[in-house]
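Participant: The following block contains the structure, expressed as structure tokens.
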Amino acid sequence: MYNNNYGASYQEQRLQQMMEQKQLKDFMRMYSNLVSRCFEDCVSEFTSNTLNDKELSCVNRCTQKNMKLNERIGQRFAEENAKLMEDQAKMGR
């Protein structure tokens, strides 16, 4: 009935969609956590609708620190994944 290539292609597209949705959810969760953490750690004055210099400096440091942390985690994940793939390839020989 269905061409086998069509089924595989459809499954690959669905898998790609699901992975993209998960990545977006993960990014939104990370962003939300970043905003919450930096707000809680840095904002203490609610008498003005803008951040004071101390709060702004804290928010900038907090954001940079968390972005560097997430970047490093991503790098380590990629390194470990590459090592795992390499080990699997060696075992397949």
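Labeling convention for the structure tokens: chains A, B, ... as they appear, residues from 1 per chain, ligands from 1 in order of appearance.
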Using DSSP on the backbone, list every residue of chain A that comes out as helix (DSSP H, G or I), and give them as a ChimeraX atom specification.
Facilitator: /A:4-42,53-92
Participant: For Ser57 of chain A, list every protein, DNA or RNA residue within 10 Å, evaluated using only C-alpha atoms, and leave out those in the same chain fewer than 6 positions away; present the list as a PyMOL selection string.
Facilitator: chain A and resi 42+51+63
Participant: If we count only C-alpha atoms, what is near Lys65 of chain A at a cut-off of 12 Å, once residues fewer than 6 positions away on the same chain are taken out, given as a ChimeraX atom specification?
Facilitator: /A:34,37-38,58-59,71-72
Participant: How far is it from atom CA of Met28 of chain A to atom CA of Asp53 of chain A, in Å with one decimal?
Facilitator: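 Spanning atom CA of Met28 of chain A to atom CA of Asp53 of chain A is a straight-line distance of 27.4 Å.
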Participant: Counting only C-alpha atoms, which residue out of A:Gln64, A:Gln75, A:Asn70, A:Asn81 sits closest to Asp26 of chain A?
Facilitator: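 Closest residue, counting only C-alpha atoms: A:Asn70.
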Participant: Please indicate the distance in Å from atom CA of Glu80 of chain A to atom CA of Phe27 of chain A, rounded to one decimal place.
Facilitator: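 Computed distance, atom CA of Glu80 of chain A to atom CA of Phe27 of chain A, equals 20.5 Å.
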Participant: For each of A:Leu15, A:Lys54, A:Asn66, A:Glu20, take the minimum atom-to-atom distance to Val35 of chain A, counting only C-alpha atoms, then give the residue where this is smallest.
Facilitator: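 For Val35 of chain A, the nearest of the candidates is A:Asn66.
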